[in-house]
Every structure is written in C-alpha cells, then in structure tokens.
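> Once you've had a glance at the structure underneath, I'll fire off some questions.
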Amino acid sequence: MAEQQKNNPLHGITLEKIVTDLQMHYGWEKLGTLIRIDCFNNNQSIKSSLKFLRRMPWARKKVEDLYLDTFH
C-alpha cells in the first residue's frame with residue numbers, strides 16, 4: 001500500500017487539516033471567492049465543510065488542488 005501512495009503529496013494529510021489550514025491561511029471570505037461552494041460562503045464551519053466535501057468528490061478535488069498550490 002505504501003508503494004501506491006509514494007507519489008501522492010496528500011498522503012497522510014487529513015481532509016480536516018486541509019480545510020483548517022486553508023481557512024487559517026485565507027479566511028472564509030477569500031476561500032469562498034477562490035472556491036465557489038456554499039459551505040465556504042454560508043454556514044461557515046469546518047464541520048459543515050467536511051460534511052459537504054466528503055459527499056462531493058468534485059469539490060474535494062478543488063480544495064485539495066488549492067491546498068497543493070498554496071502549501072507545496
């Protein structure tokens with residue numbers, strides 16, 4: 001399994017850490033303009049964002065891509 005993940009830069013980083021780091025870096029308002037999804041613009045919380053992102057792979061991909069662009 002480690003062999004499958006060696007080229008994955010997000011390996012070992014939880015979705016909660018990704019959302020928390022992005023929120024701390026950008027703030028909800030800027031994050032909501034960068035990625036236009038409702039959980040960043042209304043009802044802003046880590047919990048609601050995680051719930052939405054776990055159900056919507058397309059949104060999670062956008063968040064993961066922003067994380068990589070920002071921190072790697």
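Chain identifiers are assigned as A, B, and so on, following the order in which chains appear in the structure tokens; residues are numbered from 1 within each chain, and ligands are numbered from 1 in order of appearance.
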Taking 3 positions as the minimum chain separation for residues in the same chain, which residues sit within 9 Å of stretch 29-36 of chain A when counting only C-alpha atoms? Answer as number ranges by chain.
A: 22-23, 25-26, 39-42, 59, 62-63, 66
> Could the residues in this selection be saved with all heavy atoms as a short mmCIF file (atom, residue, chain, number, x, y, z; two decimals), in the first residue's frame?

data_model
loop_
_atom_site.label_atom_id
_atom_site.label_comp_id
_atom_site.auth_asym_id
_atom_site.auth_seq_id
_atom_site.Cartn_x
_atom_site.Cartn_y
_atom_site.Cartn_z
N LEU A 22 -6.31 25.83 5.08
CA LEU A 22 -6.77 26.79 4.08
C LEU A 22 -7.58 27.91 4.72
O LEU A 22 -7.42 29.09 4.37
CB LEU A 22 -7.59 26.09 2.99
CG LEU A 22 -6.81 25.22 2.02
CD1 LEU A 22 -7.76 24.44 1.12
CD2 LEU A 22 -5.86 26.06 1.18
N GLN A 23 -8.44 27.56 5.67
CA GLN A 23 -9.26 28.57 6.32
C GLN A 23 -8.39 29.53 7.13
O GLN A 23 -8.60 30.74 7.11
CB GLN A 23 -10.30 27.90 7.22
CG GLN A 23 -11.37 28.84 7.75
CD GLN A 23 -10.94 29.63 8.97
OE1 GLN A 23 -10.23 29.13 9.83
NE2 GLN A 23 -11.36 30.87 9.03
N HIS A 25 -5.25 30.24 6.53
CA HIS A 25 -4.41 30.99 5.58
C HIS A 25 -5.20 32.07 4.84
O HIS A 25 -4.74 33.21 4.74
CB HIS A 25 -3.76 30.02 4.59
CG HIS A 25 -2.82 30.66 3.64
ND1 HIS A 25 -1.55 31.03 4.00
CD2 HIS A 25 -2.96 31.01 2.33
CE1 HIS A 25 -0.94 31.58 2.95
NE2 HIS A 25 -1.78 31.57 1.93
N TYR A 26 -6.37 31.72 4.33
CA TYR A 26 -7.16 32.64 3.50
C TYR A 26 -8.30 33.33 4.24
O TYR A 26 -8.69 34.43 3.86
CB TYR A 26 -7.76 31.90 2.30
CG TYR A 26 -6.74 31.46 1.28
CD1 TYR A 26 -6.45 30.12 1.07
CD2 TYR A 26 -6.07 32.39 0.49
CE1 TYR A 26 -5.53 29.72 0.12
CE2 TYR A 26 -5.14 32.01 -0.46
CZ TYR A 26 -4.88 30.67 -0.64
OH TYR A 26 -3.96 30.28 -1.58
N CYS A 39 -20.60 25.92 1.27
CA CYS A 39 -20.13 25.73 2.64
C CYS A 39 -19.00 26.71 3.02
O CYS A 39 -18.71 26.88 4.19
CB CYS A 39 -19.69 24.29 2.88
SG CYS A 39 -18.30 23.75 1.89
N PHE A 40 -18.39 27.36 2.03
CA PHE A 40 -17.38 28.38 2.32
C PHE A 40 -17.99 29.78 2.36
O PHE A 40 -17.37 30.71 2.87
CB PHE A 40 -16.25 28.35 1.29
CG PHE A 40 -15.39 27.13 1.35
CD1 PHE A 40 -14.63 26.77 0.25
CD2 PHE A 40 -15.31 26.33 2.47
CE1 PHE A 40 -13.82 25.65 0.28
CE2 PHE A 40 -14.51 25.20 2.51
CZ PHE A 40 -13.76 24.86 1.41
N ASN A 41 -19.18 29.93 1.81
CA ASN A 41 -19.82 31.24 1.76
C ASN A 41 -20.97 31.40 2.75
O ASN A 41 -21.24 32.50 3.20
CB ASN A 41 -20.33 31.52 0.33
CG ASN A 41 -19.18 31.69 -0.63
OD1 ASN A 41 -18.30 32.50 -0.42
ND2 ASN A 41 -19.18 30.91 -1.69
N ASN A 42 -21.65 30.33 3.08
CA ASN A 42 -22.77 30.34 4.04
C ASN A 42 -22.54 29.21 5.03
O ASN A 42 -21.96 28.19 4.69
CB ASN A 42 -24.10 30.12 3.32
CG ASN A 42 -24.35 31.17 2.26
OD1 ASN A 42 -24.18 32.35 2.50
ND2 ASN A 42 -24.74 30.73 1.08
N ALA A 59 -15.84 18.78 -5.48
CA ALA A 59 -15.50 19.90 -4.61
C ALA A 59 -14.25 19.58 -3.80
O ALA A 59 -13.37 20.43 -3.61
CB ALA A 59 -16.67 20.21 -3.68
N LYS A 62 -11.18 20.21 -5.84
CA LYS A 62 -10.84 21.63 -5.93
C LYS A 62 -10.11 22.10 -4.67
O LYS A 62 -9.15 22.85 -4.74
CB LYS A 62 -12.09 22.47 -6.15
CG LYS A 62 -12.67 22.35 -7.53
CD LYS A 62 -13.85 23.27 -7.71
CE LYS A 62 -14.37 23.18 -9.12
NZ LYS A 62 -15.28 24.27 -9.45
N VAL A 63 -10.59 21.65 -3.52
CA VAL A 63 -9.97 22.03 -2.25
C VAL A 63 -8.57 21.43 -2.14
O VAL A 63 -7.62 22.12 -1.75
CB VAL A 63 -10.87 21.59 -1.07
CG1 VAL A 63 -10.15 21.75 0.26
CG2 VAL A 63 -12.17 22.37 -1.08
N LEU A 66 -6.22 23.37 -4.43
CA LEU A 66 -5.86 24.67 -3.85
C LEU A 66 -4.84 24.49 -2.74
O LEU A 66 -3.89 25.26 -2.62
CB LEU A 66 -7.11 25.39 -3.32
CG LEU A 66 -6.84 26.74 -2.67
CD1 LEU A 66 -6.21 27.73 -3.66
CD2 LEU A 66 -8.12 27.32 -2.07
#
> Would you work out the distance separating atom CA of A:Lys6 from atom CA of A:Pro57, expressed in Å to one decimal?
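A separation of 21.6 Å between them.
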> So that I can see what lies close to A:Lys17, please list as a PyMOL selection string the residues with an atom at most 12 Å from it, counting only C-alpha atoms and leaving out residues fewer than 4 positions away in the same chain.
chain A and resi 10+12-13+21-25+46-47+49-50+63-64+67
> Would you mind reading off the distance between atom CA of A:Lys51 and atom CA of A:Asn7, one decimal, in Å?
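So the two atoms, atom CA of A:Lys51 and atom CA of A:Asn7, lie 26.7 Å apart.
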